[in-house]
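J.: Quick one: structure below, then a few questions.
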Amino acid sequence: MPRSTHEAGAGPRAQRPADAAAVASRLAALHPGARTELDHRDAVELLVATVLSAQTTDVRVNQVTPELFSRWPDPAALAGAEETDVAEVVRPLGMGPTRARRIIALARGLLADHGGRVPDDQAALEALPGVGRKTAHVVRGAWFGHSLLAVDTHVGRVTRRLGWTTRTDPRTVEEDVVAHVEADGTGADAEELTVLGLRLILHGRRVCTARAPRCEECVLADICPRVGVA
Ligand code: SF4
C-alpha cells in the first residue's frame with residue numbers, strides 16, 4: 001500500500017516550511033489555555049499518569065487515575081501495593097500487569113532515590129524506571145515550568161507536515177523543531193516550547209489528524225506546505 005502523500009510527498013505548495021511565529025500565534029489564539037489533558041494534583045500524579053498514557057489516550061488514563069490515586073495516594077503507598085491489585089485498577093488501559101509493574105517500579109525508584117519526590121532534573125528523571133525523555137519533558141514542562149518540547153506522535157506528524165523536520169525519531173524531530181522555532185524567534189521564552197508542544201498535540205488530535213487531515217478548516221492552511229495533499 002502506498003504511503004500517504006501527506007506524510008511522504010510534496011504538495012502543490014511544498015516550497016517552504018511554515019513560519020514558526022505564525023504557527024505559534026495562530027495556535028495560541030485557538031488554544032489559549034492549552035495544558036496537559038492528564039488530570040493530576042501534584043508532580044507524582046502527573047508523572048504516574050504520563051507513564052500510564054503510553055499506548056493509550058489521556059481520556060482513558062483519566063478514567064482510572066481517580067481510583068488509583070485514591071487507593072495509593074503517594075509513592076510509599078504505591079511502592080508497597082500488590083501488583084495484582086494495581087493491575088486490576090489499570091486493566092481498562094490494556095496491558096494491566098505490565099502497567100502495574102511499571103508504576104510500582106517507578107514509585108519504588110522515587111522513594112529510594114528522591115525521598116518520594118519528583119526531581120526537577122532531566123537525567124535523574126530519565127534514570128527512573130519507565131521514564132524516557134518525552135515523559136521527563138512533559139513533567140518538567142507542565143509542572144516545573146520549563147520550556148521543553150515533548151515529541152509524541154502528533155507533534156512528529158504535524159511538524160513534518162509543516163516542513164519543520166523530515167525525520168521520525170523523536171529525539172531528532174525535537175532537535176529539528178527546536179532549531180527551527182528558535183531561529184524564527186519563537187520558543188525562547190519560559191514555557192514557550194512546552195505550550196507550543198501542547199498546542200501542536202491538540203491540533204494533531206482535532207484537525208491535522210493522521211488519516212484525514214481537515215485542511216479545509218485548518219488555521220494554518222495558507223502557510224502549510226502540505227495543505228490539500230491527500
Ligand atoms: S491540517 Fe493544516 S497543518 Fe495539517 S496538513 Fe492540513 S493545512 Fe497542514
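Identifiers for the C-alpha cells are assigned positionally: chains receive A, B, ... in sequence, residues are indexed from 1 per chain, and ligands are indexed from 1 in the order shown.
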Could you pull out the residues in region 40-213 of chain A that DSSP calls alpha helix (DSSP H) from the backbone, as a ChimeraX atom specification?

T.: /A:43-52,58-71,75-79,83-90,96-114,122-126,133-142,153-161,170-183,192-206

J.: Write as a VMD selection string the residues around ligand 1, taking 10 Å as the cut-off and counting only C-alpha atoms and all ligand atoms.

T.: chain A and resid 6 to 7 11 18 23 157 to 163 200 203 to 204 206 to 210 212 to 230

J.: Please, could you write that set of residues out with N, CA and C atoms as a compact mmCIF listing (two decimals), in the first residue's frame?

T.:
```txt
# COMPACT_ATOMS: atom_id res chain seq x y z
N HIS A 6 0.47 12.71 2.18
CA HIS A 6 0.55 13.70 3.23
C HIS A 6 1.83 13.56 4.02
N GLU A 7 2.24 12.32 4.25
CA GLU A 7 3.45 12.09 5.01
C GLU A 7 4.68 12.09 4.10
N GLY A 11 3.53 18.60 -1.89
CA GLY A 11 2.23 19.09 -2.35
C GLY A 11 2.43 20.27 -3.27
N ALA A 18 6.43 26.10 7.12
CA ALA A 18 5.53 27.11 7.68
C ALA A 18 6.29 28.01 8.65
N VAL A 23 2.65 30.10 13.10
CA VAL A 23 2.03 28.89 13.63
C VAL A 23 1.78 29.05 15.13
N ARG A 157 4.08 14.15 13.56
CA ARG A 157 3.33 14.21 12.29
C ARG A 157 3.07 15.66 11.86
N VAL A 158 2.58 16.48 12.79
CA VAL A 158 2.22 17.85 12.42
C VAL A 158 3.47 18.65 12.00
N THR A 159 4.56 18.48 12.73
CA THR A 159 5.75 19.26 12.38
C THR A 159 6.38 18.78 11.07
N ARG A 160 6.23 17.49 10.75
CA ARG A 160 6.70 17.04 9.43
C ARG A 160 5.86 17.69 8.34
N ARG A 161 4.55 17.74 8.56
CA ARG A 161 3.68 18.35 7.55
C ARG A 161 3.95 19.86 7.42
N LEU A 162 4.31 20.48 8.52
CA LEU A 162 4.61 21.92 8.46
C LEU A 162 5.98 22.19 7.83
N GLY A 163 6.74 21.12 7.59
CA GLY A 163 8.05 21.28 6.96
C GLY A 163 9.16 21.61 7.93
N LEU A 200 0.38 21.89 19.51
CA LEU A 200 0.56 21.02 18.34
C LEU A 200 -0.15 19.69 18.54
N HIS A 203 -3.78 20.31 17.96
CA HIS A 203 -4.01 20.48 16.53
C HIS A 203 -3.98 19.12 15.82
N GLY A 204 -3.05 18.28 16.22
CA GLY A 204 -2.94 16.96 15.61
C GLY A 204 -4.11 16.06 15.96
N ARG A 206 -7.24 17.15 16.68
CA ARG A 206 -8.54 17.67 16.26
C ARG A 206 -8.62 18.05 14.78
N VAL A 207 -7.50 18.47 14.19
CA VAL A 207 -7.55 18.98 12.81
C VAL A 207 -6.56 18.24 11.91
N CYS A 208 -5.30 18.24 12.27
CA CYS A 208 -4.27 17.64 11.43
C CYS A 208 -4.11 16.17 11.82
N THR A 209 -5.19 15.45 11.62
CA THR A 209 -5.24 14.05 12.07
C THR A 209 -4.44 13.16 11.12
N ALA A 210 -4.11 11.96 11.59
CA ALA A 210 -3.21 11.10 10.82
C ALA A 210 -3.80 10.71 9.47
N ALA A 212 -7.02 11.59 7.98
CA ALA A 212 -7.82 12.50 7.16
C ALA A 212 -7.71 13.92 7.70
N PRO A 213 -6.59 14.57 7.46
CA PRO A 213 -6.43 15.93 7.98
C PRO A 213 -7.47 16.87 7.38
N ARG A 214 -7.99 17.75 8.25
CA ARG A 214 -9.06 18.63 7.81
C ARG A 214 -8.48 19.98 7.38
N CYS A 215 -7.75 19.94 6.26
CA CYS A 215 -7.05 21.14 5.79
C CYS A 215 -8.03 22.28 5.50
N GLU A 216 -9.24 21.93 5.08
CA GLU A 216 -10.19 22.98 4.70
C GLU A 216 -10.62 23.83 5.89
N GLU A 217 -10.46 23.31 7.11
CA GLU A 217 -10.83 24.11 8.27
C GLU A 217 -9.60 24.45 9.14
N CYS A 218 -8.41 24.29 8.57
CA CYS A 218 -7.18 24.49 9.35
C CYS A 218 -6.73 25.95 9.29
N VAL A 219 -6.41 26.51 10.46
CA VAL A 219 -5.96 27.91 10.51
C VAL A 219 -4.55 28.09 9.94
N LEU A 220 -3.88 26.99 9.65
CA LEU A 220 -2.53 27.07 9.10
C LEU A 220 -2.50 26.80 7.59
N ALA A 221 -3.67 26.66 7.00
CA ALA A 221 -3.74 26.20 5.61
C ALA A 221 -2.96 27.08 4.65
N ASP A 222 -2.97 28.39 4.86
CA ASP A 222 -2.32 29.28 3.88
C ASP A 222 -0.80 29.29 4.02
N ILE A 223 -0.27 28.71 5.10
CA ILE A 223 1.20 28.70 5.26
C ILE A 223 1.77 27.29 5.33
N CYS A 224 0.91 26.27 5.24
CA CYS A 224 1.36 24.88 5.38
C CYS A 224 1.76 24.30 4.03
N PRO A 225 2.98 23.77 3.91
CA PRO A 225 3.41 23.23 2.61
C PRO A 225 2.65 21.97 2.19
N ARG A 226 1.94 21.32 3.11
CA ARG A 226 1.23 20.10 2.75
C ARG A 226 -0.27 20.28 2.65
N VAL A 227 -0.74 21.51 2.63
CA VAL A 227 -2.19 21.71 2.58
C VAL A 227 -2.79 21.05 1.34
N GLY A 228 -3.89 20.35 1.60
CA GLY A 228 -4.63 19.77 0.50
C GLY A 228 -4.00 18.58 -0.18
N VAL A 229 -2.89 18.11 0.34
CA VAL A 229 -2.24 16.94 -0.26
C VAL A 229 -2.76 15.71 0.45
N ALA A 230 -3.55 14.93 -0.21
CA ALA A 230 -4.15 13.78 0.46
C ALA A 230 -3.64 12.49 -0.13
```

J.: Produce a table with one row for each residue of region 179-222 of chain A that has an atom at most 10 Å from any atom of region 31-50 of chain A, each row naming the nearest atom pair and its distance in Å at one decimal; use only C-alpha atoms; arrange rows by chain and rising residue number; format as a tab-separated table.

T.:
```
residue	atom	partner	partner_atom	distance
A:Thr194	CA	A:Arg35	CA	9.1
A:Val195	CA	A:Ala34	CA	6.6
A:Leu196	CA	A:Ala34	CA	8.7
A:Gly197	CA	A:Ala34	CA	9.4
A:Leu198	CA	A:Ala34	CA	6.2
A:Arg199	CA	A:Ala34	CA	6.2
A:Leu200	CA	A:His31	CA	9.8
A:Ile201	CA	A:Thr36	CA	9.7
A:Leu202	CA	A:His31	CA	8.1
A:His203	CA	A:His31	CA	9.0
```

J.: Could the residues in this selection be written to a file with C-alpha atoms, as an mmCIF file, in the first residue's frame?

T.:
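Contents of result-v5.cif, as written:
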```
data_model
loop_
_atom_site.group_PDB
_atom_site.id
_atom_site.type_symbol
_atom_site.label_atom_id
_atom_site.label_comp_id
_atom_site.auth_asym_id
_atom_site.auth_seq_id
_atom_site.Cartn_x
_atom_site.Cartn_y
_atom_site.Cartn_z
ATOM 1 C CA THR A 194 6.102 23.359 26.328
ATOM 2 C CA VAL A 195 2.936 25.211 25.413
ATOM 3 C CA LEU A 196 3.682 25.089 21.677
ATOM 4 C CA GLY A 197 4.020 21.309 22.006
ATOM 5 C CA LEU A 198 0.680 21.055 23.816
ATOM 6 C CA ARG A 199 -0.967 23.138 21.108
ATOM 7 C CA LEU A 200 0.561 21.020 18.336
ATOM 8 C CA ILE A 201 -0.845 17.941 20.069
ATOM 9 C CA LEU A 202 -4.330 19.482 20.190
ATOM 10 C CA HIS A 203 -4.010 20.481 16.529
#
```

J.: So, with only C-alpha atoms as the atoms that count, which of A:Thr165, A:Val90, A:Glu174, A:Arg108 lies closest to Phe69 (chain A)?

T.: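 For Phe69 (chain A), the nearest of the candidates is A:Val90.
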
J.: Would you list the contacts of Val51 (chain A) as a ChimeraX atom specification, taking every protein, DNA or RNA residue within 10 Å and counting only C-alpha atoms, but skipping same-chain residues closer than 2 positions in sequence?

T.: /A:45-49,53-55,61,99,102-103,106,129-132,134-136

J.: Rank nothing, just name the residue among A:Ala28, A:Val151, A:Glu82, A:Pro75 nearest to Asp113 (chain A), using only C-alpha atoms.

T.: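 Ranked by minimum distance to Asp113 (chain A), first place goes to A:Pro75.
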
J.: What is the CA of Glu88 (chain A) to CA of Val64 (chain A) distance in Å?

T.: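 CA of Val64 (chain A) lies 10.1 Å from CA of Glu88 (chain A).
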
J.: CA of Asp152 (chain A) to CA of Arg167 (chain A): how many Å, to one decimal?

T.: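 Atom-to-atom, CA of Asp152 (chain A) and CA of Arg167 (chain A) are spaced 13.0 Å apart.
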
J.: As an MDAnalysis selection string, please: the residues near Ile104 (chain A) (cut-off 8 Å, only C-alpha atoms, same-chain neighbours under 2 positions excluded).

T.: chainID A and resid 78:81 83 100:102 106:108

J.: Identify which of the residues A:Ala29, A:Ala20, A:Ala105, A:Val139 lies closest to Asp121 (chain A), counting only C-alpha atoms when measuring atom-to-atom distances.

T.: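 For Asp121 (chain A), the nearest of the given residues is A:Val139.
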